[in-house]
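Listing of entry23.tsv; format and content: TSV, C-alpha atoms and all ligand atoms.
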```tsv
chain	number	residue	atom	x	y	z
R	120	MET	CA	-11.54	26.65	5.50
R	121	LEU	CA	-10.77	25.88	1.88
R	122	THR	CA	-13.35	24.20	-0.26
R	123	SER	CA	-12.37	21.07	-2.11
R	124	CYS	CA	-12.26	23.05	-5.37
R	125	ASN	CA	-9.71	25.41	-3.88
R	126	LEU	CA	-7.70	22.51	-2.63
R	127	ILE	CA	-7.39	21.12	-6.12
R	128	SER	CA	-6.23	24.32	-7.75
R	129	ASP	CA	-4.02	25.22	-4.79
R	130	SER	CA	-2.06	22.01	-4.72
R	131	GLY	CA	-1.67	22.03	-8.49
R	132	THR	CA	-1.51	18.29	-8.27
R	133	LYS	CA	-3.82	16.17	-10.32
R	134	PRO	CA	-4.08	12.40	-10.59
R	135	ALA	CA	-2.02	10.68	-13.27
R	136	ASP	CA	-5.29	9.47	-14.77
R	137	LYS	CA	-6.48	12.57	-16.65
R	138	GLN	CA	-10.06	11.36	-16.45
R	139	ALA	CA	-9.98	10.60	-12.74
R	140	THR	CA	-13.28	11.20	-10.97
R	141	THR	CA	-13.89	14.32	-8.89
R	142	GLU	CA	-13.63	12.21	-5.73
R	143	THR	CA	-10.27	10.83	-6.83
R	144	ARG	CA	-9.04	14.38	-7.46
R	145	GLN	CA	-10.29	15.36	-4.04
R	146	LEU	CA	-8.51	12.43	-2.45
R	147	ILE	CA	-5.12	13.37	-3.83
R	148	SER	CA	-5.62	17.01	-2.80
R	149	THR	CA	-6.76	16.06	0.67
R	150	MET	CA	-3.79	13.74	1.09
R	151	PHE	CA	-1.43	16.56	0.12
R	152	GLU	CA	-3.19	18.91	2.56
R	153	LEU	CA	-2.97	16.38	5.37
R	154	THR	CA	0.81	16.11	5.07
R	155	SER	CA	0.99	19.53	6.73
R	156	LYS	CA	-1.01	18.19	9.69
R	157	GLY	CA	0.74	14.90	10.30
R	158	ILE	CA	1.30	11.32	9.27
R	159	MET	CA	-1.61	8.94	8.85
R	160	PHE	CA	-1.44	5.57	10.55
R	161	GLY	CA	-2.33	2.64	8.31
R	162	HIS	CA	-2.86	-1.06	8.97
R	163	GLN	CA	-3.21	-4.01	6.60
R	164	ASP	CA	-6.40	-6.09	6.90
R	165	ASP	CA	-7.32	-4.16	10.05
R	166	LEU	CA	-11.03	-5.01	9.92
R	167	ALA	CA	-10.69	-8.56	8.61
R	168	TYR	CA	-8.85	-10.31	11.45
R	169	GLY	CA	-6.38	-9.83	14.26
R	170	ILE	CA	-4.88	-11.64	17.19
R	171	GLY	CA	-7.46	-14.13	18.45
R	172	TRP	CA	-10.30	-13.12	16.13
R	173	ILE	CA	-11.57	-13.33	12.58
R	174	ALA	CA	-14.43	-11.12	11.36
R	175	PRO	CA	-17.30	-11.03	12.08
R	176	ASN	CA	-16.22	-12.30	15.51
R	177	GLY	CA	-14.08	-9.40	16.60
R	178	LYS	CA	-12.79	-6.04	15.53
R	179	SER	CA	-9.69	-4.00	14.73
R	180	ASP	CA	-6.71	-4.64	17.02
R	181	VAL	CA	-5.84	-0.95	16.56
R	182	PHE	CA	-9.27	0.07	17.82
R	183	ARG	CA	-9.06	-2.37	20.72
R	184	VAL	CA	-5.82	-0.70	21.81
R	185	CYS	CA	-6.45	3.01	21.24
R	186	GLY	CA	-10.22	3.37	20.74
R	187	ASP	CA	-9.83	4.67	17.20
R	188	TYR	CA	-9.38	3.16	13.77
R	189	PRO	CA	-6.44	3.61	11.43
R	190	ALA	CA	-6.76	6.41	8.89
R	191	VAL	CA	-5.47	4.19	6.10
R	192	PHE	CA	-6.62	0.63	5.48
R	193	GLY	CA	-4.52	-1.77	3.42
R	194	TRP	CA	-5.99	-4.71	1.49
R	195	ASP	CA	-4.55	-7.25	-0.90
R	196	LEU	CA	-6.10	-8.51	-4.13
R	197	GLY	CA	-3.90	-11.62	-4.42
R	198	HIS	CA	-5.95	-14.54	-5.86
R	199	LEU	CA	-8.67	-12.26	-7.24
R	200	GLU	CA	-7.17	-13.13	-10.61
R	201	THR	CA	-7.98	-16.83	-10.10
R	202	GLY	CA	-11.67	-16.19	-9.52
R	203	ALA	CA	-11.34	-17.34	-5.90
R	204	ALA	CA	-13.83	-16.07	-3.34
R	205	CYS	CA	-11.07	-15.23	-0.83
R	206	ASN	CA	-7.68	-13.59	-1.13
R	207	LEU	CA	-4.36	-15.28	-0.36
R	208	ASP	CA	-4.81	-14.51	3.34
R	209	SER	CA	-8.39	-15.88	3.42
R	210	VAL	CA	-10.18	-12.53	3.31
R	211	PRO	CA	-13.44	-12.86	1.35
R	212	PHE	CA	-13.45	-10.38	-1.52
R	213	SER	CA	-17.12	-9.65	-0.90
R	214	SER	CA	-16.30	-8.55	2.67
R	215	MET	CA	-13.25	-6.62	1.50
R	216	LYS	CA	-15.50	-4.60	-0.82
R	217	GLN	CA	-17.95	-3.87	1.97
R	218	TRP	CA	-15.21	-2.79	4.34
R	219	ALA	CA	-13.57	-0.57	1.76
R	220	ILE	CA	-16.91	1.14	1.15
R	221	GLU	CA	-17.46	1.59	4.92
R	222	VAL	CA	-13.94	2.95	5.36
R	223	ASN	CA	-14.59	5.50	2.64
R	224	ALA	CA	-17.92	6.50	4.19
R	225	LEU	CA	-16.16	7.11	7.51
R	226	GLY	CA	-13.53	9.31	5.89
R	227	GLY	CA	-10.74	6.72	5.79
R	228	ILE	CA	-8.47	5.82	2.86
R	229	ASN	CA	-8.11	2.41	1.20
R	230	THR	CA	-4.97	1.11	-0.47
R	231	PHE	CA	-4.75	-2.15	-2.43
R	232	SER	CA	-1.68	-4.23	-3.16
R	233	TRP	CA	-1.80	-7.31	-5.39
R	234	HIS	CA	0.23	-10.45	-4.68
R	235	LEU	CA	-0.85	-11.96	-7.99
R	236	ASN	CA	0.06	-15.51	-8.89
R	237	ASN	CA	2.71	-16.39	-11.44
R	238	PRO	CA	0.72	-16.32	-14.71
R	239	VAL	CA	2.92	-18.96	-16.37
R	240	ASN	CA	2.65	-21.79	-13.84
R	241	ASP	CA	-0.24	-20.50	-11.68
R	242	SER	CA	1.93	-20.83	-8.63
R	243	SER	CA	2.26	-18.00	-6.10
R	244	ALA	CA	3.65	-14.46	-6.52
R	245	TRP	CA	6.82	-15.76	-4.87
R	246	ASN	CA	7.41	-18.35	-7.59
R	247	PHE	CA	9.97	-17.00	-10.04
R	248	SER	CA	11.04	-20.34	-11.48
R	249	THR	CA	9.60	-19.52	-14.91
R	250	LYS	CA	11.84	-17.47	-17.16
R	251	GLY	CA	10.58	-14.39	-18.99
R	252	THR	CA	7.31	-14.20	-17.08
R	253	VAL	CA	6.91	-10.43	-17.38
R	254	LYS	CA	7.71	-10.53	-21.08
R	255	SER	CA	5.13	-13.26	-21.61
R	256	ILE	CA	2.28	-11.08	-20.30
R	257	LEU	CA	3.18	-7.96	-22.29
R	258	PRO	CA	1.45	-7.35	-25.64
R	259	GLY	CA	2.62	-10.05	-28.08
R	260	GLY	CA	3.45	-12.49	-25.27
R	261	ASP	CA	1.71	-15.86	-25.04
R	262	LYS	CA	0.22	-15.07	-21.62
R	263	HIS	CA	-0.90	-11.59	-22.58
R	264	GLU	CA	-4.54	-12.43	-23.04
R	265	LYS	CA	-4.60	-14.31	-19.76
R	266	PHE	CA	-3.11	-11.25	-18.08
R	267	THR	CA	-5.74	-8.92	-19.54
R	268	GLN	CA	-8.39	-11.28	-18.20
R	269	TRP	CA	-6.78	-10.94	-14.79
R	270	LEU	CA	-6.81	-7.17	-15.16
R	271	ASP	CA	-10.49	-7.37	-16.09
R	272	LYS	CA	-11.16	-8.94	-12.70
R	273	VAL	CA	-9.22	-6.14	-11.01
R	274	ALA	CA	-11.11	-3.53	-13.07
R	275	ASN	CA	-14.43	-5.10	-12.11
R	276	PHE	CA	-13.46	-5.13	-8.45
R	277	PHE	CA	-12.56	-1.44	-8.44
R	278	THR	CA	-15.61	-0.50	-10.47
R	279	ASP	CA	-17.81	-2.28	-7.91
R	280	LEU	CA	-16.56	-0.08	-5.09
R	281	LYS	CA	-19.43	2.40	-5.03
R	282	ASP	CA	-20.78	4.66	-2.30
R	283	THR	CA	-24.48	4.83	-1.41
R	284	THR	CA	-25.10	7.33	-4.21
R	285	GLY	CA	-23.58	4.97	-6.76
R	286	LYS	CA	-20.35	6.92	-7.23
R	287	PRO	CA	-17.12	4.92	-7.40
R	288	ILE	CA	-15.03	5.48	-4.26
R	289	PRO	CA	-11.43	6.64	-4.79
R	290	VAL	CA	-8.70	4.22	-3.73
R	291	ILE	CA	-4.95	3.73	-4.02
R	292	PHE	CA	-3.70	0.85	-6.19
R	293	ARG	CA	-0.14	-0.38	-5.55
R	294	PRO	CA	0.64	-3.14	-8.04
R	295	PHE	CA	3.97	-4.91	-8.65
R	296	HIS	CA	5.47	-3.71	-5.37
R	297	GLU	CA	8.93	-4.46	-3.98
R	298	HIS	CA	10.12	-4.79	-7.57
R	299	SER	CA	13.69	-3.92	-6.55
R	300	GLY	CA	13.88	-7.23	-4.66
R	301	ASP	CA	14.12	-10.71	-6.18
R	302	TRP	CA	11.37	-12.57	-4.34
R	303	PHE	CA	8.43	-11.88	-6.67
R	304	TRP	CA	8.29	-12.96	-10.32
R	305	TRP	CA	8.21	-9.27	-11.32
R	306	GLY	CA	11.37	-8.63	-9.25
R	307	LYS	CA	14.57	-7.08	-10.44
R	308	LYS	CA	16.41	-10.27	-11.37
R	309	HIS	CA	13.48	-11.63	-13.33
R	310	CYS	CA	12.78	-8.86	-15.83
R	311	SER	CA	14.57	-5.90	-17.41
R	312	SER	CA	13.82	-2.31	-16.38
R	313	GLN	CA	12.20	-1.78	-19.72
R	314	GLU	CA	9.93	-4.78	-19.28
R	315	TYR	CA	8.92	-3.67	-15.80
R	316	ILE	CA	8.13	-0.17	-17.02
R	317	GLN	CA	6.14	-1.58	-19.95
R	318	LEU	CA	4.21	-3.78	-17.54
R	319	TRP	CA	3.34	-0.79	-15.38
R	320	GLN	CA	2.38	1.45	-18.26
R	321	PHE	CA	0.31	-1.26	-19.91
R	322	THR	CA	-1.52	-1.93	-16.63
R	323	PHE	CA	-2.20	1.77	-16.13
R	324	ARG	CA	-3.52	2.23	-19.66
R	325	TYR	CA	-5.54	-0.97	-19.66
R	326	LEU	CA	-7.34	-0.01	-16.47
R	327	THR	CA	-7.85	3.69	-17.19
R	328	GLU	CA	-8.31	3.63	-20.99
R	329	THR	CA	-9.48	0.20	-22.09
R	330	ARG	CA	-11.60	-0.39	-19.01
R	331	GLN	CA	-12.29	3.25	-18.09
R	332	VAL	CA	-11.61	2.77	-14.40
R	333	HIS	CA	-11.23	6.28	-13.02
R	334	ASN	CA	-11.20	5.91	-9.26
R	335	LEU	CA	-7.54	4.98	-8.83
R	336	LEU	CA	-4.40	6.66	-7.56
R	337	PHE	CA	-1.33	4.64	-8.56
R	338	ALA	CA	1.41	3.93	-6.01
R	339	PHE	CA	4.96	2.93	-6.96
R	340	SER	CA	6.96	1.24	-4.20
R	341	PRO	CA	10.29	-0.54	-4.39
R	342	SER	CA	11.79	-2.33	-1.44
R	343	ASP	CA	14.19	-0.48	0.88
R	344	ASN	CA	17.40	-1.43	-0.99
R	345	PHE	CA	17.83	1.79	-3.01
R	346	ARG	CA	20.96	3.83	-2.24
R	347	ASN	CA	20.18	7.12	-3.94
R	348	LYS	CA	17.62	8.94	-6.07
R	349	ALA	CA	18.72	7.33	-9.32
R	350	ASP	CA	18.46	3.91	-7.75
R	351	PHE	CA	14.98	4.66	-6.43
R	352	LEU	CA	13.89	5.76	-9.89
R	353	GLU	CA	15.52	2.91	-11.79
R	354	ARG	CA	12.25	1.27	-12.77
R	355	TYR	CA	10.06	4.35	-12.46
R	356	PRO	CA	7.41	4.34	-15.19
R	357	GLY	CA	7.17	8.15	-15.31
R	358	ASN	CA	5.22	10.93	-13.67
R	359	GLU	CA	2.25	10.43	-15.99
R	360	TYR	CA	1.73	6.94	-14.58
R	361	VAL	CA	2.22	7.45	-10.84
R	362	ASP	CA	0.54	9.43	-8.07
R	363	LEU	CA	2.33	8.31	-4.96
R	364	ILE	CA	5.83	6.99	-4.34
R	365	GLY	CA	7.06	5.07	-1.34
R	366	PHE	CA	8.99	2.03	-0.20
R	367	ASP	CA	8.50	-1.05	1.96
R	368	ILE	CA	10.73	-1.48	4.99
R	369	TYR	CA	10.77	-3.83	7.96
R	370	GLN	CA	12.89	-4.00	11.05
R	371	MET	CA	14.64	-7.37	10.97
R	372	GLN	CA	15.04	-9.39	14.15
R	373	ASN	CA	18.84	-9.19	13.84
R	374	GLN	CA	18.81	-5.42	13.37
R	375	THR	CA	19.24	-3.08	16.34
R	376	ASN	CA	16.76	-0.27	16.90
R	377	LYS	CA	19.50	2.18	16.09
R	378	GLN	CA	20.41	0.47	12.83
R	379	PHE	CA	16.78	0.33	11.77
R	380	ALA	CA	16.00	3.94	12.69
R	381	GLY	CA	19.14	5.10	10.87
R	382	LYS	CA	18.27	3.19	7.72
R	383	LEU	CA	14.66	4.35	7.80
R	384	LYS	CA	15.68	7.99	8.15
R	385	GLU	CA	18.21	7.74	5.36
R	386	LYS	CA	15.70	6.18	2.93
R	387	LEU	CA	13.05	8.72	3.89
R	388	GLY	CA	15.49	11.50	3.04
R	389	ILE	CA	15.93	10.11	-0.47
R	390	LEU	CA	12.20	9.55	-0.87
R	391	HIS	CA	11.50	13.12	0.20
R	392	GLU	CA	13.85	14.50	-2.44
R	393	VAL	CA	12.35	12.39	-5.22
R	394	ALA	CA	8.80	13.25	-4.16
R	395	LYS	CA	9.55	16.97	-4.03
R	396	GLU	CA	11.27	17.01	-7.40
R	397	ASN	CA	8.43	15.13	-9.04
R	398	ASN	CA	5.57	16.70	-7.09
R	399	LYS	CA	4.31	13.32	-5.85
R	400	LEU	CA	2.81	12.16	-2.61
R	401	ALA	CA	5.21	10.10	-0.51
R	402	ALA	CA	4.38	7.28	1.88
R	403	ILE	CA	5.89	4.38	3.74
R	404	THR	CA	3.87	1.84	1.81
R	405	GLU	CA	4.66	-1.08	4.17
R	406	ILE	CA	6.48	-1.07	7.48
R	407	GLY	CA	6.70	-2.93	10.75
R	408	TYR	CA	8.71	-4.80	13.34
R	409	GLU	CA	7.31	-8.31	13.63
R	410	GLN	CA	6.05	-8.99	17.16
R	411	ILE	CA	7.11	-5.46	18.26
R	412	PRO	CA	9.52	-6.94	20.81
R	413	TYR	CA	10.55	-3.55	22.24
R	414	PRO	CA	7.98	-1.95	24.59
R	415	THR	CA	8.62	1.68	23.61
R	416	TRP	CA	9.34	1.07	19.93
R	417	TRP	CA	6.56	3.36	18.72
R	418	THR	CA	7.54	6.62	20.40
R	419	GLU	CA	11.24	5.97	20.93
R	420	ILE	CA	12.35	4.33	17.67
R	421	LEU	CA	9.69	4.74	14.99
R	422	TRP	CA	8.35	8.23	15.61
R	423	PRO	CA	11.64	10.15	15.82
R	424	ALA	CA	12.69	8.51	12.55
R	425	ILE	CA	9.55	9.41	10.59
R	426	LYS	CA	8.13	12.56	12.18
R	427	ASP	CA	9.83	15.09	9.92
R	428	SER	CA	9.76	12.99	6.76
R	429	GLY	CA	6.72	14.61	5.13
R	430	VAL	CA	5.17	11.25	4.26
R	431	SER	CA	1.44	11.00	3.92
R	432	TYR	CA	1.08	7.70	5.75
R	433	ALA	CA	2.85	4.64	7.09
R	434	LEU	CA	1.08	1.32	6.49
R	435	PHE	CA	1.79	-1.32	9.13
R	436	TRP	CA	1.53	-4.90	8.00
R	437	ARG	CA	-1.07	-7.42	9.09
R	438	ASN	CA	-1.86	-9.03	12.44
R	439	ALA	CA	-2.25	-12.56	11.13
R	440	ALA	CA	-4.90	-14.61	12.92
R	441	ASN	CA	-3.57	-17.92	11.67
R	442	ARG	CA	0.17	-17.44	11.63
R	443	PRO	CA	1.60	-17.32	15.15
R	444	ASN	CA	3.73	-14.27	15.94
R	445	HIS	CA	3.16	-12.64	12.55
R	446	PHE	CA	1.82	-9.27	13.71
R	447	TYR	CA	2.90	-5.64	13.33
R	448	ALA	CA	0.34	-3.65	15.34
R	449	PRO	CA	-0.24	-4.15	19.06
R	450	TYR	CA	-3.29	-5.88	20.51
R	451	PRO	CA	-4.63	-5.81	24.07
R	452	GLY	CA	-1.96	-7.26	26.34
R	453	GLN	CA	0.88	-6.92	23.82
R	454	GLN	CA	4.00	-5.42	25.35
R	455	SER	CA	4.05	-2.23	23.26
R	456	GLU	CA	0.35	-1.48	23.83
R	457	LYS	CA	0.83	1.46	26.24
R	458	ASP	CA	3.46	3.07	24.06
R	459	PHE	CA	1.21	2.76	21.04
R	460	VAL	CA	-1.43	4.78	22.89
R	461	GLU	CA	1.22	7.46	23.47
R	462	LEU	CA	1.93	7.47	19.73
R	463	TYR	CA	-1.81	7.72	19.11
R	464	LYS	CA	-2.07	10.75	21.40
R	465	LEU	CA	0.50	12.78	19.50
R	466	THR	CA	-1.18	15.56	17.49
R	467	GLU	CA	0.88	14.73	14.43
R	468	THR	CA	-0.22	11.10	14.22
R	469	LEU	CA	-3.47	10.94	12.30
R	470	PHE	CA	-6.05	8.25	12.90
R	471	ARG	CA	-9.57	7.87	11.55
R	472	SER	CA	-11.16	10.44	13.87
R	473	ASP	CA	-8.49	13.02	12.96
R	474	ILE	CA	-9.22	12.86	9.25
R	475	ALA	CA	-12.99	12.23	9.25
R	476	ASN	CA	-14.71	14.69	6.85
T	1	LIG	C1	3.45	-11.33	3.57
T	1	LIG	C2	3.01	-12.19	4.73
T	1	LIG	C3	2.22	-13.34	4.14
T	1	LIG	C4	1.06	-12.80	3.30
T	1	LIG	C5	1.53	-11.79	2.29
T	1	LIG	C6	0.40	-11.11	1.55
T	1	LIG	O1	4.30	-10.34	3.96
T	1	LIG	O2	2.20	-11.45	5.61
T	1	LIG	O3	1.73	-14.15	5.18
T	1	LIG	O4	0.41	-13.84	2.64
T	1	LIG	O5	2.30	-10.79	2.93
T	1	LIG	O6	-0.45	-10.43	2.40
```

Would you write the structure of this file as structure tokens?
Ligand code: BMA
Amino acid sequence: MLTSCNLISDSGTKPADKQATTETRQLISTMFELTSKGIMFGHQDDLAYGIGWIAPNGKSDVFRVCGDYPAVFGWDLGHLETGAACNLDSVPFSSMKQWAIEVNALGGINTFSWHLNNPVNDSSAWNFSTKGTVKSILPGGDKHEKFTQWLDKVANFFTDLKDTTGKPIPVIFRPFHEHSGDWFWWGKKHCSSQEYIQLWQFTFRYLTETRQVHNLLFAFSPSDNFRNKADFLERYPGNEYVDLIGFDIYQMQNQTNKQFAGKLKEKLGILHEVAKENNKLAAITEIGYEQIPYPTWWTEILWPAIKDSGVSYALFWRNAANRPNHFYAPYPGQQSEKDFVELYKLTETLFRSDIAN
């Protein structure tokens, strides 16, 4: 077996942050290594709530169905910037920190998105009614200082994520996602490519240089509307600012299984090319079919479409406790439960127990 030192030199891939901690370097190497073994299963807010329960009164719907935890755990920092105690989906940040630390101790991987409010009118991430929002938070803009204060909160959050020996745990940070869509204030219609790239680069430098946060891998993920490599890379900030590339994709209720699987495969082909050419990790950064209305969706539709894609993980979206029918992983009694166990049993699907250590 290779030691972690070997893994680093063998993969030749180092984090974008030149001063990344040893553990962060190990994480990126391990993730590259694992792509030869299979695809990690991820789930958003897996430990926080699920169908019919909210922590501490319950646990992981994924565990309840297959007796194992996801390998990748997604969390969202939305509302951290406001100083709120809970995120936009009512997850207490103090619990989120604890869970992320536990996940790391058990060999799992944490990834954080950030549905940050609109900094101009303090409305939600989905409010794009203010013009020039991105420009206003860049250096020289009238909301710039406010934005750096928001980044300070993010920096403090990540710095607080320490293992029992006091070392910061390595995590993935996926800010300003789905930027190729128009629904967030940082979306394509609401800022120029140059502004988006400046926003990304500023954020990267502020966290890693100004605030010396060195436990982050940076993930870049447009929505699924890119048609080719150039399209995918349209707002790419550059290889020195990114560790992992991916995209978010959902099966729509009016889309047939065949249409969805075809689209997914096509986009994965483009992603694979871009990742290979730029020596980056690739992942499906968000995915799911709300309510999983097809009993054998996991092994019949999803798996054939992703199995040869070379992605590191696929992150399934949340099983909302308080929003009826907003769920993307099965729970006991859900119609795709049995098929999910079949997916779990495949050697090439990696769950927590497969990647421990
Ligand atoms: C969306 C939905 C929302 C949620 C948001 C951030 O896709 O799940 O209910 O608030 O993600 O997690």

If we count all atoms listed in the file, what is near R:Asp282 at a cut-off of 8 Å, once residues fewer than 2 positions away on the same chain are taken out, given as number ranges by chain?
R: 220, 223-224, 280, 284-288

The residue from R:Thr252, R:Gln454, R:Ser243, R:Ser311 with the smallest atom-to-atom distance to ligand LIG 1 (chain T), counting all atoms listed in the file, is R:Ser243

List every residue of chain R that has an atom at most 12 Å from any atom of ligand LIG 1 (chain T), and for each one report the closest atom pair and its distance in Å to one decimal, counting only C-alpha atoms and all ligand atoms, with rows sorted by chain and then by increasing residue number, as CSV.
```
residue,atom,partner,partner_atom,distance
R:His162,CA,T:LIG1,O6,11.7
R:Gln163,CA,T:LIG1,O6,8.2
R:Asp164,CA,T:LIG1,O6,8.6
R:Gly193,CA,T:LIG1,O6,9.6
R:Trp194,CA,T:LIG1,O6,8.0
R:Asp195,CA,T:LIG1,O6,6.1
R:Leu196,CA,T:LIG1,O6,8.8
R:Gly197,CA,T:LIG1,C6,7.4
R:His198,CA,T:LIG1,C6,10.3
R:Asn206,CA,T:LIG1,O6,8.6
R:Leu207,CA,T:LIG1,O4,5.8
R:Asp208,CA,T:LIG1,O4,5.3
R:Ser209,CA,T:LIG1,O4,9.1
R:Val210,CA,T:LIG1,O6,10.0
R:Phe231,CA,T:LIG1,O6,10.5
R:Ser232,CA,T:LIG1,O6,8.4
R:Trp233,CA,T:LIG1,C6,8.2
R:His234,CA,T:LIG1,C6,6.3
R:Leu235,CA,T:LIG1,C6,9.7
R:Asn236,CA,T:LIG1,C6,11.3
R:Ser243,CA,T:LIG1,O4,9.9
R:Ala244,CA,T:LIG1,C6,9.3
R:Trp245,CA,T:LIG1,C5,9.7
R:His296,CA,T:LIG1,C6,11.3
R:Glu297,CA,T:LIG1,O1,10.9
R:Trp302,CA,T:LIG1,O1,11.1
R:Phe303,CA,T:LIG1,C5,11.3
R:Asp367,CA,T:LIG1,O1,10.4
R:Ile368,CA,T:LIG1,O1,11.0
R:Tyr369,CA,T:LIG1,O1,10.0
R:Glu405,CA,T:LIG1,O1,9.3
R:Ile406,CA,T:LIG1,O1,10.2
R:Gly407,CA,T:LIG1,O1,10.3
R:Tyr408,CA,T:LIG1,O1,11.8
R:Glu409,CA,T:LIG1,O2,10.0
R:Phe435,CA,T:LIG1,O1,10.7
R:Trp436,CA,T:LIG1,O2,7.0
R:Arg437,CA,T:LIG1,O2,6.2
R:Asn438,CA,T:LIG1,O2,8.3
R:Ala439,CA,T:LIG1,O2,7.2
R:Ala440,CA,T:LIG1,O3,10.2
R:Asn441,CA,T:LIG1,O3,9.2
R:Arg442,CA,T:LIG1,O3,7.4
R:Pro443,CA,T:LIG1,O3,10.5
R:Asn444,CA,T:LIG1,O2,10.8
R:His445,CA,T:LIG1,O2,7.1
R:Phe446,CA,T:LIG1,O2,8.4
R:Tyr447,CA,T:LIG1,O2,9.7
```

Atoms kept (C-alpha atoms) for selection, written as a PDB file, keeping the file's coordinate frame:
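The resulting file, selection.pdb, is shown below:
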```
ATOM      1  CA  HIS R 162      -2.860  -1.060   8.970  1.00  0.00           C
ATOM      2  CA  GLN R 163      -3.210  -4.010   6.600  1.00  0.00           C
ATOM      3  CA  ASP R 164      -6.400  -6.090   6.900  1.00  0.00           C
ATOM      4  CA  GLY R 193      -4.520  -1.770   3.420  1.00  0.00           C
ATOM      5  CA  TRP R 194      -5.990  -4.710   1.490  1.00  0.00           C
ATOM      6  CA  ASP R 195      -4.550  -7.250  -0.900  1.00  0.00           C
ATOM      7  CA  LEU R 196      -6.100  -8.510  -4.130  1.00  0.00           C
ATOM      8  CA  GLY R 197      -3.900 -11.620  -4.420  1.00  0.00           C
ATOM      9  CA  HIS R 198      -5.950 -14.540  -5.860  1.00  0.00           C
ATOM     10  CA  ASN R 206      -7.680 -13.590  -1.130  1.00  0.00           C
ATOM     11  CA  LEU R 207      -4.360 -15.280  -0.360  1.00  0.00           C
ATOM     12  CA  ASP R 208      -4.810 -14.510   3.340  1.00  0.00           C
ATOM     13  CA  SER R 209      -8.390 -15.880   3.420  1.00  0.00           C
ATOM     14  CA  VAL R 210     -10.180 -12.530   3.310  1.00  0.00           C
ATOM     15  CA  PHE R 231      -4.750  -2.150  -2.430  1.00  0.00           C
ATOM     16  CA  SER R 232      -1.680  -4.230  -3.160  1.00  0.00           C
ATOM     17  CA  TRP R 233      -1.800  -7.310  -5.390  1.00  0.00           C
ATOM     18  CA  HIS R 234       0.230 -10.450  -4.680  1.00  0.00           C
ATOM     19  CA  LEU R 235      -0.850 -11.960  -7.990  1.00  0.00           C
ATOM     20  CA  ASN R 236       0.060 -15.510  -8.890  1.00  0.00           C
ATOM     21  CA  SER R 243       2.260 -18.000  -6.100  1.00  0.00           C
ATOM     22  CA  ALA R 244       3.650 -14.460  -6.520  1.00  0.00           C
ATOM     23  CA  TRP R 245       6.820 -15.760  -4.870  1.00  0.00           C
ATOM     24  CA  HIS R 296       5.470  -3.710  -5.370  1.00  0.00           C
ATOM     25  CA  GLU R 297       8.930  -4.460  -3.980  1.00  0.00           C
ATOM     26  CA  TRP R 302      11.370 -12.570  -4.340  1.00  0.00           C
ATOM     27  CA  PHE R 303       8.430 -11.880  -6.670  1.00  0.00           C
ATOM     28  CA  ASP R 367       8.500  -1.050   1.960  1.00  0.00           C
ATOM     29  CA  ILE R 368      10.730  -1.480   4.990  1.00  0.00           C
ATOM     30  CA  TYR R 369      10.770  -3.830   7.960  1.00  0.00           C
ATOM     31  CA  GLU R 405       4.660  -1.080   4.170  1.00  0.00           C
ATOM     32  CA  ILE R 406       6.480  -1.070   7.480  1.00  0.00           C
ATOM     33  CA  GLY R 407       6.700  -2.930  10.750  1.00  0.00           C
ATOM     34  CA  TYR R 408       8.710  -4.800  13.340  1.00  0.00           C
ATOM     35  CA  GLU R 409       7.310  -8.310  13.630  1.00  0.00           C
ATOM     36  CA  PHE R 435       1.790  -1.320   9.130  1.00  0.00           C
ATOM     37  CA  TRP R 436       1.530  -4.900   8.000  1.00  0.00           C
ATOM     38  CA  ARG R 437      -1.070  -7.420   9.090  1.00  0.00           C
ATOM     39  CA  ASN R 438      -1.860  -9.030  12.440  1.00  0.00           C
ATOM     40  CA  ALA R 439      -2.250 -12.560  11.130  1.00  0.00           C
ATOM     41  CA  ALA R 440      -4.900 -14.610  12.920  1.00  0.00           C
ATOM     42  CA  ASN R 441      -3.570 -17.920  11.670  1.00  0.00           C
ATOM     43  CA  ARG R 442       0.170 -17.440  11.630  1.00  0.00           C
ATOM     44  CA  PRO R 443       1.600 -17.320  15.150  1.00  0.00           C
ATOM     45  CA  ASN R 444       3.730 -14.270  15.940  1.00  0.00           C
ATOM     46  CA  HIS R 445       3.160 -12.640  12.550  1.00  0.00           C
ATOM     47  CA  PHE R 446       1.820  -9.270  13.710  1.00  0.00           C
ATOM     48  CA  TYR R 447       2.900  -5.640  13.330  1.00  0.00           C
TER      49      TYR R 447
END
```

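Residue nearest R:Glu461 within the list R:Ile173, R:Gly202, R:Thr415, R:Ala135: R:Thr415 [criterion: smallest interatomic distance, all atoms listed in the file].
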
Closest to R:Val273 among R:Ala433, R:Ala475, R:Val332, R:Leu400, using only C-alpha atoms?
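Ranked by minimum distance to R:Val273, first place goes to R:Val332.
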
Which residues come within 7 Å of R:Val181, counting all atoms listed in the file, excluding same-chain residues fewer than 5 positions away, as a list in words?
Asp187, Tyr188, Pro189, Ala448, Pro449 and Tyr450 of chain R

Work out how far apart atom CA of R:Glu221 and atom CA of R:Ala174 are and give it in Å to one decimal.
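Interatomic distance, atom CA of R:Glu221 to atom CA of R:Ala174: 14.6 Å.
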